[in-house]
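Structure record follows, encoded as structure tokens.
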Amino acid sequence: MRYAYGVTTALLMGGAAVTLATGQPVGAQVAQNDDSAISRMAPRAGAPGSFADLTEALQPAVVNISTTQRVRVSNNPFEGTPFADLFGRRGDGQTTRQASSLGSGFLISADGYIVTNNHVVAPSRAAELESITVTLVDGTEYEAELIGRDAASDLAVLKIERSEAFPFVEFGDSSSARVGDWVIAIGNPFGLSGTVTSGIISAVYRNTGQGGAYDRYIQTDAAINRGNSGGPMFDLQGNVIGINNAIFSPTGGSVGIGFAIPAEIAEPIIDRLRDGKAIERGYLGVRISPVDDVLAESLGVAENRGEFVQGVEPGGAAAKAGIQAGDVIVRIDGKEVTPEQTLSFIVANIEPGKRIPIELVRRGERRTVNVTVGTRPSEEELAAQGFGQQDEEEEDGLNQAPQRQGAGLIEDSLGVSVVPMTGQIARQLGLPTNTGGLVISVVDPTSDAGQRGLRRRDVILSANQQEVNTVEELETILEGFEEAGRGSILLEVQRPGAPPRFIAVRLR
């Protein structure tokens with residue numbers, strides 16, 4: 001059976017090869033290429049017979065990038081523990097060791113400017129960058145100067161020097177890229193310099209769900225591995241339409257799902273870095289989450305349209321405009337918010353200080369507010385304040401199935417048991433004594449509430465955007481949902497030590 005399967009596969013691939021080699025069905029007349037240099041170098045679009053000529057022309061502009069870093073290491077074996085001062089005095093102090101990173105890049109000018117990923121040249125935590133070495137395809141090495149880098153877009157610009165001109169490549173128009181177009185990637189995976197891989201564009205403007213202002217990529221099945229970071233993705237005209245950046249992989253190696261930063265996003269940022277200018281991005285100051293099917297049903301809005309406001313930064317641009325937690329932002333400055341065109345991406349590409357309209361849905365009513373866009377803080381500042389970051393989910397061994405079966409509407413519908421908040425409970429939870437709401441005492445882990453992360457000690461502040469301070473108030477809301485036949489409800493939940501957030505829960 002294995003042999004028969006292999007023969008069938010070979011026949012199918014052979015038939016495909018005939019079609020691809022000619023670009024037309026067998027027997028059709030094939031037009032002759034013109035005599036221009038680009039036509040001789042690049043195969044006909046959609047029908048590459050070979051990438052050899054194109055690779056030969058492009059490869060000299062692709063470089064290997066390696067860094068040397070000095071890492072500070074504590075000699076105290078108890079560093080980071082309560083015993084550091086008691087038992088670590090003899091071994092305290094610091095030593096240093098060298099570390100390195102490896103990646104790819106490409107020359108964009110004859111005078112030696114190079115583009116790569118920020119993470120290729122950025123020093124790791126507790127490390128200092130000592131040197132950057134650029135190696136050309138002929139093995140020549142150059143010491144590189146770091147001209148500028150930008151963590152948010154993961155881009156960096158380097159500079160090398162020599163008396164004669166360097167070979168270089170140019171950016172193309174990634175906005176015209178289509179799913180199914182051929183692409184080739186050149187880089188240094190695992191230190192194997194000058195490696196060339198080919199494939200097609202699997203998706204354009206792919207949102208990976210990782211969040212951030214630039215979560216928008218070209219997806220390809222061309223093999224991309226560790227060390228390809230910062231290398232170019234070329235179209236068949238030899239233009240850079242993407243900068244290889246990341247992969248999805250359960251193994252650490254390529255499984256045919258690679259991502260490149262689109263040229264249309266990268267080029268303006270690179271131009272500013274090259275000129276020594278600061279990168280300024282728009283900022284609203286909101287914590288957001290996608291509108292999935294459960295959340296959409298609970299709100300009565302369209303699925304995968306708009307983004308839900310989980311929280312608003314006090315004093316930020318959104319707060320000043322009157323945007324509230326619980327709003328669904330559906331359009332910004334005339335652009336619809338979708339999974340492919342996220343709120344973060346749209347706002348980041350708006351000039352700070354510009355006044356724009358924002359359309360939102362609040363409790364089923366569509367309205368428009370005007371916002372003066374703020375300036376996005378640095379990634380370090382955002383990380384320090386923790387705003388806009390996802391809450392870390394932890395397992396809670398105290399969660400268990402309700403002890404009573406059919407105990408009440410809340411237990412039956414939500415799969416949780418609740419008790420009214422009191423001043424004593426608030427103190428135990430580390431919350432202000434005037435905190436209201438209902439405290440979850442038990443969660444059924446098999447319920448949708450349990451699956452979505454609700455746990456004991458969480459506080460339900462509101463249901464369907466209505467405050468709930470008594471069991472009867474929550475039951476009344478749930479009764480209304482049952483009568484209306486609605487299958488999901490929006491809860492506002494306060495977890496001790498974290499900001500309130502909204503969670504849509506499917507009713508049982």
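Following the order of the structure tokens, first chain is A, next is B, and so on, with residues numbered from 1 inside each chain and ligands from 1 in the order they appear.
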Open item on the list: For A:Pro500, find every residue with an atom within 10 Å (counting only C-alpha atoms), except residues of its own chain fewer than 3 positions away, and show them as a list in words.
Closed with: Gln310, Gly311, Ala325, Asp458, Val459, Ile460, Leu461, Glu492, Val493, Gln494, Arg495, Pro496, Gly497 and Ile503 of chain A
Could you save the residues just selected, with C-alpha atoms, as a tab-separated table (two decimals), in the first residue's frame?
```tsv
chain	number	residue	atom	x	y	z
A	310	GLN	CA	-11.78	46.01	29.15
A	311	GLY	CA	-10.40	49.07	30.92
A	325	ALA	CA	-15.00	50.03	30.02
A	458	ASP	CA	-13.22	36.48	42.08
A	459	VAL	CA	-15.81	39.25	42.53
A	460	ILE	CA	-18.68	39.72	40.07
A	461	LEU	CA	-19.24	43.49	39.94
A	492	GLU	CA	-17.50	42.32	35.00
A	493	VAL	CA	-15.07	40.53	37.28
A	494	GLN	CA	-12.63	41.90	39.86
A	495	ARG	CA	-9.73	39.66	40.80
A	496	PRO	CA	-7.78	40.73	43.89
A	497	GLY	CA	-4.56	42.43	42.79
A	503	ILE	CA	-15.68	38.10	30.60
```
Would you mind listing what lies within 12 Å of A:Gly374 as a PDB file with C-alpha atoms, in the first residue's frame, with only C-alpha atoms counted and same-chain residues fewer than 2 positions away left out?
```
ATOM      1  CA  GLU A 280       6.114  58.336  17.596  1.00  0.00           C
ATOM      2  CA  ARG A 281       2.875  56.353  17.563  1.00  0.00           C
ATOM      3  CA  GLY A 282      -0.691  57.079  18.440  1.00  0.00           C
ATOM      4  CA  TYR A 283      -2.116  55.812  21.739  1.00  0.00           C
ATOM      5  CA  LEU A 284      -5.578  55.739  23.310  1.00  0.00           C
ATOM      6  CA  GLY A 285      -4.902  54.179  26.709  1.00  0.00           C
ATOM      7  CA  VAL A 286      -7.351  51.273  26.686  1.00  0.00           C
ATOM      8  CA  GLU A 313      -6.268  54.327  31.570  1.00  0.00           C
ATOM      9  CA  GLY A 315      -6.198  60.565  32.341  1.00  0.00           C
ATOM     10  CA  GLY A 316      -5.462  59.003  28.944  1.00  0.00           C
ATOM     11  CA  ALA A 317      -6.816  60.031  25.570  1.00  0.00           C
ATOM     12  CA  ALA A 318      -9.727  57.567  25.707  1.00  0.00           C
ATOM     13  CA  ALA A 319     -10.736  58.593  29.230  1.00  0.00           C
ATOM     14  CA  LYS A 320     -10.723  62.281  28.285  1.00  0.00           C
ATOM     15  CA  ALA A 321     -13.018  61.523  25.341  1.00  0.00           C
ATOM     16  CA  VAL A 347      -4.192  53.862  16.326  1.00  0.00           C
ATOM     17  CA  ALA A 348      -0.426  53.243  16.257  1.00  0.00           C
ATOM     18  CA  ASN A 349      -0.332  54.566  12.701  1.00  0.00           C
ATOM     19  CA  ILE A 350      -2.160  57.801  13.542  1.00  0.00           C
ATOM     20  CA  GLU A 351      -0.039  60.854  14.288  1.00  0.00           C
ATOM     21  CA  PRO A 352      -0.161  61.846  17.987  1.00  0.00           C
ATOM     22  CA  GLY A 353      -2.160  65.014  18.554  1.00  0.00           C
ATOM     23  CA  LYS A 354      -4.566  64.383  15.697  1.00  0.00           C
ATOM     24  CA  ARG A 355      -8.265  64.647  16.579  1.00  0.00           C
ATOM     25  CA  ILE A 356     -10.286  61.765  15.168  1.00  0.00           C
ATOM     26  CA  VAL A 371     -10.555  61.757  20.575  1.00  0.00           C
ATOM     27  CA  THR A 372      -7.264  63.628  20.548  1.00  0.00           C
ATOM     28  CA  ARG A 376       2.292  55.723  22.832  1.00  0.00           C
ATOM     29  CA  PRO A 377       4.740  55.096  25.712  1.00  0.00           C
TER      30      PRO A 377
END
```
TODO: Name all residues at most 8 Å from stretch 218-220 of chain A (count only C-alpha atoms; drop same-chain ones fewer than 2 positions away) and give them as number ranges by chain.
DONE: A: 199-206, 216, 222, 242, 256-262
TODO: Mind the document's chain letters and residue numbers, and return as a ChimeraX atom specification the residues of stretch 85-261 of chain A that DSSP labels alpha helix (DSSP H).
DONE: /A:85-87,118-121
Open item on the list: Ranking A:Ala449, A:Leu54, A:Leu146, A:Ile269 by minimum distance to A:Ser198 and counting only C-alpha atoms, which one comes first?
Closed with: A:Leu54
TODO: Have a look at A:Phe106, A:Ser378, A:Ile270, A:Arg226 and name the one nearest to A:Ser249; count only C-alpha atoms.
DONE: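 Closest to A:Ser249, using only C-alpha atoms: A:Arg226.
Across A:Ile147, A:Leu490, A:Val62, A:Ala127, the tightest approach to A:Glu467 is made by A:Leu490 when counting only C-alpha atoms.
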TODO: With a distance cut-off of 10 Å and only C-alpha atoms, select the neighbouring residues of A:Glu297, excluding the residue or stretch itself and same-chain residues fewer than 2 positions from it, and output the selection as a list of chain:residue names.
DONE: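 Those residues are A:Val291, A:Asp292, A:Asp293, A:Val294, A:Leu295, A:Leu299, A:Gly300, A:Val301, A:Ala302, A:Glu303, A:Arg486, A:Gly487, A:Ser488, A:Ile489, A:Leu490, A:Ala504, A:Val505, A:Arg506.
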